[in-house]
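Everything on this sheet refers to the single structure shown next.
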Amino acid sequence: MTVMRDTVVKSLAKITVQGDENGLIPEYEVLVNLLPVSLLNTFAERIMAAAPPDKKAQVEEGLVRAAYECGYHTGCGIITSEIFNDVVMPMVTEGEKDILRGAYAAFTAWGWAKSGIVQLKEGERMVIRAFDYYEADGGGEGLRGYTLRGLSQAFFDLAYADPYPDGMDTHVCHQTKGIEAGDPYGEFIVVRK
Amino acid sequence: MPVRIDAVTADGKSESGLKGNLSLTTITDLLQFLSASAKSGVIRLLRQPGGDEGRIYFVAGELVSVVSKDLTGLEGLADLLSWEQGTFHFMPGVAAAQSNIGLSVQHAIMEAVVLLDKRAKENGGNGSGAHKEAYERSFAMQESGRDSTEVLNDLLAIPGIDAVVVIGRDGFVIESVGSSARVNIDELGASLAHSVNGIEEMGTELNVNRFQDMFVEYGRAVIICKPVGDAVAAVVTPDASKLGIIRHKTRKLFEELAQSF
């Protein structure tokens, strides 16, 4: 037995996602913003466009870092939540590998990206493929999957680096293909730093 | 099928025959053709280089006897299927001295391919060793010579295949080409993952090693699936009529695909 995506997606998709008085979703035992993706895409596009050429790499790193911080702390909340424990953990037989499968299934269930693991060498390297991540719809130049880069790096750190919160920044994620660049899918590769 | 019909001289008499080169067609295509056209006679094969000889006898399109060097029956057919270069010559009206194969052409090809797989594993060491090698190769993540999409498109080009899909062990549809009016590819991914899980659990319980192949025949579709690295590849065909040939032609492509996953 391993984690079955369809079971996770169906179970998590049933959960009512309703923002509280602050517009946040406490359902997953973490606070998640309920914001339109166009806002995030526009923010990324404008900040990249406004950056001078010699600062673009740093701004890009900042966008990835924001996703990483979010993914590392929120991701830890999610994989230790009651919902994850009830839905995913009973199917986990391959340790961290299955937890990562569950994390990407959850990622898909919540509509962030239809994404999953293509290759995994435990603790060393992971290849992710994503088919409809929202950043592919945003404007700008080059590969722009900042969120998936940050989150993939965060998930891998949570799975294979030192226990939370000491394992930050152990791995790095590179985007090698992108729908926004004309490829049929986005490809993200996580390796040790 | 790109073959040439020539006049063949046997015992001084002129007789029509079928000659060709294995670089232009394959033995499985040839067998299919002779079976479909209900031919009686013998195909004489000469391997190049080496000059090994093989003979396949038909009666009214039915396979009755196969000889390849000192191998006969299915063992002989498996050996012939591994030939990549050589010539063939069909001589009508020649009968076998004795029958050593009692299967339809399709069934015989399928069984012969199973033997070929078995031999390949034995040549690579023991069965589990070959598996270990494939497993480690998938983790070595060496870049395959070709992109997985190219390999998938080659699989799709095999006559009789409607769609090809590669799924992760969790049911994530990693890649697919083609389409099937009968099968929803996303649902196939999820269903296959559940099935493979069950089959692998059974293999563990029975202590018979990891699963290698799965054929599922439904009334309106046949699904063939095989592990490729850490993923599973599946092809969808409308019926079982070309199963033997599909299995034979997909073998190397599945091996190539395993390098990408």
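Chain labels A, B, ... are given in the sequence in which chains occur in the structure tokens; within each chain residues are numbered consecutively from 1, and ligands are likewise numbered from 1 in the order shown.
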Give me, as an NGL selection string, all polymer residues having an atom no more than 7 Å from stretch 104-113 of chain A, counting only C-alpha atoms and skipping those fewer than 2 positions away in the same chain.
:A and (5 or 8-9 or 12-13 or 100-102 or 115-116 or 130-134)
Would you output that residue set with all heavy atoms, as a short mmCIF file (atom, residue, chain, number, x, y, z; two decimals), in the first residue's frame?
```cif
data_model
loop_
_atom_site.label_atom_id
_atom_site.label_comp_id
_atom_site.auth_asym_id
_atom_site.auth_seq_id
_atom_site.Cartn_x
_atom_site.Cartn_y
_atom_site.Cartn_z
N ARG A 5 -3.40 9.02 -4.46
CA ARG A 5 -3.77 10.43 -4.70
C ARG A 5 -5.26 10.65 -4.73
O ARG A 5 -5.77 11.61 -4.17
CB ARG A 5 -3.20 10.90 -6.04
CG ARG A 5 -1.77 11.26 -6.03
CD ARG A 5 -1.33 11.55 -7.43
NE ARG A 5 -1.93 12.77 -7.95
CZ ARG A 5 -1.43 13.99 -7.74
NH1 ARG A 5 -0.34 14.14 -7.02
NH2 ARG A 5 -2.01 15.05 -8.26
N VAL A 8 -6.84 10.77 -1.37
CA VAL A 8 -6.51 12.00 -0.64
C VAL A 8 -7.29 13.18 -1.23
O VAL A 8 -7.92 13.97 -0.51
CB VAL A 8 -4.99 12.29 -0.71
CG1 VAL A 8 -4.66 13.60 -0.01
CG2 VAL A 8 -4.20 11.15 -0.10
N VAL A 9 -7.26 13.28 -2.56
CA VAL A 9 -7.92 14.42 -3.22
C VAL A 9 -9.41 14.41 -2.91
O VAL A 9 -9.99 15.44 -2.53
CB VAL A 9 -7.67 14.38 -4.75
CG1 VAL A 9 -8.53 15.42 -5.47
CG2 VAL A 9 -6.19 14.64 -5.05
N LEU A 12 -10.00 15.34 0.89
CA LEU A 12 -9.72 16.74 1.24
C LEU A 12 -10.65 17.70 0.50
O LEU A 12 -10.99 18.76 1.01
CB LEU A 12 -8.26 17.09 0.93
CG LEU A 12 -7.22 16.37 1.79
CD1 LEU A 12 -5.82 16.86 1.44
CD2 LEU A 12 -7.48 16.57 3.28
N ALA A 13 -11.07 17.31 -0.70
CA ALA A 13 -11.94 18.20 -1.47
C ALA A 13 -13.33 18.31 -0.84
O ALA A 13 -14.07 19.26 -1.10
CB ALA A 13 -12.07 17.69 -2.91
N LEU A 100 5.47 12.69 1.29
CA LEU A 100 5.60 13.66 0.19
C LEU A 100 4.52 13.43 -0.87
O LEU A 100 3.95 14.38 -1.39
CB LEU A 100 6.99 13.54 -0.45
CG LEU A 100 8.11 14.24 0.30
CD1 LEU A 100 9.47 13.86 -0.27
CD2 LEU A 100 7.95 15.76 0.25
N ARG A 101 4.24 12.17 -1.16
CA ARG A 101 3.15 11.89 -2.11
C ARG A 101 1.85 12.49 -1.60
O ARG A 101 1.07 13.08 -2.35
CB ARG A 101 2.99 10.38 -2.30
CG ARG A 101 4.06 9.75 -3.16
CD ARG A 101 3.93 8.24 -3.16
NE ARG A 101 4.85 7.62 -4.10
CZ ARG A 101 5.41 6.43 -3.93
NH1 ARG A 101 5.14 5.71 -2.85
NH2 ARG A 101 6.22 5.94 -4.84
N GLY A 102 1.61 12.32 -0.30
CA GLY A 102 0.40 12.87 0.31
C GLY A 102 0.39 14.39 0.26
O GLY A 102 -0.66 15.00 0.00
N SER A 115 -0.02 18.48 -9.40
CA SER A 115 1.41 18.17 -9.39
C SER A 115 1.69 16.87 -8.66
O SER A 115 0.88 16.41 -7.85
CB SER A 115 2.16 19.31 -8.70
OG SER A 115 1.59 19.52 -7.41
N GLY A 116 2.82 16.27 -8.98
CA GLY A 116 3.17 15.02 -8.32
C GLY A 116 4.63 14.67 -8.54
O GLY A 116 5.34 15.35 -9.29
N ALA A 130 4.35 19.48 -12.83
CA ALA A 130 3.10 20.20 -12.52
C ALA A 130 2.39 20.59 -13.81
O ALA A 130 3.04 21.03 -14.76
CB ALA A 130 3.41 21.44 -11.68
N PHE A 131 1.09 20.40 -13.82
CA PHE A 131 0.36 20.63 -15.06
C PHE A 131 -0.48 21.91 -15.10
O PHE A 131 -0.75 22.42 -16.15
CB PHE A 131 -0.51 19.42 -15.39
CG PHE A 131 0.31 18.24 -15.79
CD1 PHE A 131 0.65 17.27 -14.87
CD2 PHE A 131 0.79 18.12 -17.08
CE1 PHE A 131 1.44 16.18 -15.23
CE2 PHE A 131 1.59 17.04 -17.46
CZ PHE A 131 1.90 16.07 -16.53
N ASP A 132 -0.96 22.38 -14.00
CA ASP A 132 -1.74 23.62 -14.11
C ASP A 132 -1.53 24.53 -12.91
O ASP A 132 -2.48 24.93 -12.25
CB ASP A 132 -3.23 23.32 -14.35
CG ASP A 132 -3.81 22.47 -13.25
OD1 ASP A 132 -3.05 22.10 -12.34
OD2 ASP A 132 -5.02 22.19 -13.28
N TYR A 133 -0.30 24.86 -12.67
CA TYR A 133 0.02 25.76 -11.56
C TYR A 133 -0.35 27.19 -11.96
O TYR A 133 -0.19 27.58 -13.11
CB TYR A 133 1.49 25.64 -11.15
CG TYR A 133 2.47 25.73 -12.29
CD1 TYR A 133 3.19 26.90 -12.53
CD2 TYR A 133 2.70 24.65 -13.13
CE1 TYR A 133 4.09 26.98 -13.56
CE2 TYR A 133 3.60 24.72 -14.18
CZ TYR A 133 4.29 25.89 -14.39
OH TYR A 133 5.17 25.98 -15.45
N TYR A 134 -0.84 27.93 -10.98
CA TYR A 134 -1.43 29.23 -11.32
C TYR A 134 -0.40 30.23 -11.86
O TYR A 134 -0.74 31.12 -12.64
CB TYR A 134 -2.19 29.82 -10.11
CG TYR A 134 -1.34 30.22 -8.93
CD1 TYR A 134 -0.74 31.48 -8.88
CD2 TYR A 134 -1.16 29.36 -7.86
CE1 TYR A 134 0.04 31.85 -7.80
CE2 TYR A 134 -0.40 29.72 -6.77
CZ TYR A 134 0.20 30.97 -6.75
OH TYR A 134 0.96 31.35 -5.67
#
```
Report as CSV the residues of chain B within 7 Å of chain A, each with its shortest atom pair and distance in Å (one decimal), using only C-alpha atoms, ordered by chain and increasing residue number.
```
residue,atom,partner,partner_atom,distance
B:Phe139,CA,A:Lys121,CA,5.8
B:Gly168,CA,A:Val118,CA,6.6
B:Asp170,CA,A:Met4,CA,4.7
B:Gly171,CA,A:Arg5,CA,5.9
B:Phe172,CA,A:Gly116,CA,6.0
B:Ile174,CA,A:Val118,CA,6.6
B:Ala190,CA,A:Asp6,CA,6.1
B:Asn197,CA,A:Met1,CA,5.5
B:Phe261,CA,A:Gln119,CA,5.9
```
Just want the 10 Å neighbourhood of stretch 87-90 of chain B, counted on only C-alpha atoms, with same-chain residues fewer than 5 positions away dropped. Output as a count of residues only.
35
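Checking B:Ala36, B:Ile199, B:Leu77, B:Ala221 one by one against B:Glu62, counting only C-alpha atoms, you find the shortest gap at B:Ala36.
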Suppose you want the space between atom CA of A:Asn41 and atom CA of A:Gly138; what is it in Å?
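Answer for the atom CA of A:Asn41 to atom CA of A:Gly138 separation: 5.0 Å.
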Looking only at strand (DSSP E) from DSSP on the backbone, list the matching residues of stretch 11-81 of chain A as a compact mmCIF listing (two decimals) with all heavy atoms, in the first residue's frame.
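Final file, result_2.txt:
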```txt
# COMPACT_ATOMS: atom_id res chain seq x y z
N LEU A 24 -9.27 34.27 6.71
CA LEU A 24 -8.30 33.18 6.78
C LEU A 24 -9.00 31.84 7.02
O LEU A 24 -10.11 31.81 7.54
CB LEU A 24 -7.30 33.45 7.92
CG LEU A 24 -6.53 34.75 7.79
CD1 LEU A 24 -5.83 35.09 9.11
CD2 LEU A 24 -5.50 34.65 6.68
N ILE A 25 -8.36 30.75 6.66
CA ILE A 25 -8.97 29.43 6.78
C ILE A 25 -8.29 28.65 7.89
O ILE A 25 -7.17 28.16 7.72
CB ILE A 25 -8.81 28.65 5.45
CG1 ILE A 25 -9.32 29.48 4.27
CG2 ILE A 25 -9.56 27.31 5.50
CD1 ILE A 25 -8.84 28.95 2.93
N VAL A 32 -4.49 29.98 6.26
CA VAL A 32 -4.23 30.10 4.84
C VAL A 32 -5.07 31.24 4.27
O VAL A 32 -6.27 31.31 4.52
CB VAL A 32 -4.58 28.79 4.10
CG1 VAL A 32 -4.23 28.89 2.62
CG2 VAL A 32 -3.84 27.62 4.72
N ASN A 33 -4.42 32.09 3.51
CA ASN A 33 -5.14 33.22 2.91
C ASN A 33 -6.06 32.74 1.79
O ASN A 33 -5.71 31.86 1.03
CB ASN A 33 -4.15 34.20 2.28
CG ASN A 33 -3.51 35.06 3.33
OD1 ASN A 33 -4.18 35.61 4.18
ND2 ASN A 33 -2.19 35.16 3.27
```
Among stretch 10-116 of chain B, which residues does DSSP mark as alpha helix (DSSP H) when it is run on the backbone? Keep the chain and numbering as in the structure and answer as a VMD selection string.
chain B and resid 27 to 36 73 to 81 105 to 116
Excluding A:His171 and any residue of its chain fewer than 5 positions from it, enumerate the residues within 6 Å of it, using only C-alpha atoms, and give them as a PDB file with N, CA, C and O atoms, in the first residue's frame.
```
ATOM      1  N   GLN A 153      10.984  22.799  -2.327  1.00  0.00           N
ATOM      2  CA  GLN A 153      12.188  22.842  -1.496  1.00  0.00           C
ATOM      3  C   GLN A 153      11.806  22.660  -0.017  1.00  0.00           C
ATOM      4  O   GLN A 153      12.445  21.903   0.714  1.00  0.00           O
ATOM      5  N   VAL A 191      17.421  19.410  -5.094  1.00  0.00           N
ATOM      6  CA  VAL A 191      18.683  18.731  -4.775  1.00  0.00           C
ATOM      7  C   VAL A 191      19.270  19.325  -3.490  1.00  0.00           C
ATOM      8  O   VAL A 191      18.815  20.370  -3.023  1.00  0.00           O
ATOM      9  N   ARG A 192      20.272  18.670  -2.983  1.00  0.00           N
ATOM     10  CA  ARG A 192      20.961  19.228  -1.811  1.00  0.00           C
ATOM     11  C   ARG A 192      21.686  20.501  -2.218  1.00  0.00           C
ATOM     12  O   ARG A 192      22.200  20.597  -3.320  1.00  0.00           O
ATOM     13  N   LYS A 193      21.772  21.455  -1.267  1.00  0.00           N
ATOM     14  CA  LYS A 193      22.471  22.707  -1.581  1.00  0.00           C
ATOM     15  C   LYS A 193      23.956  22.459  -1.714  1.00  0.00           C
ATOM     16  O   LYS A 193      24.514  21.624  -0.994  1.00  0.00           O
TER      17      LYS A 193
END
```
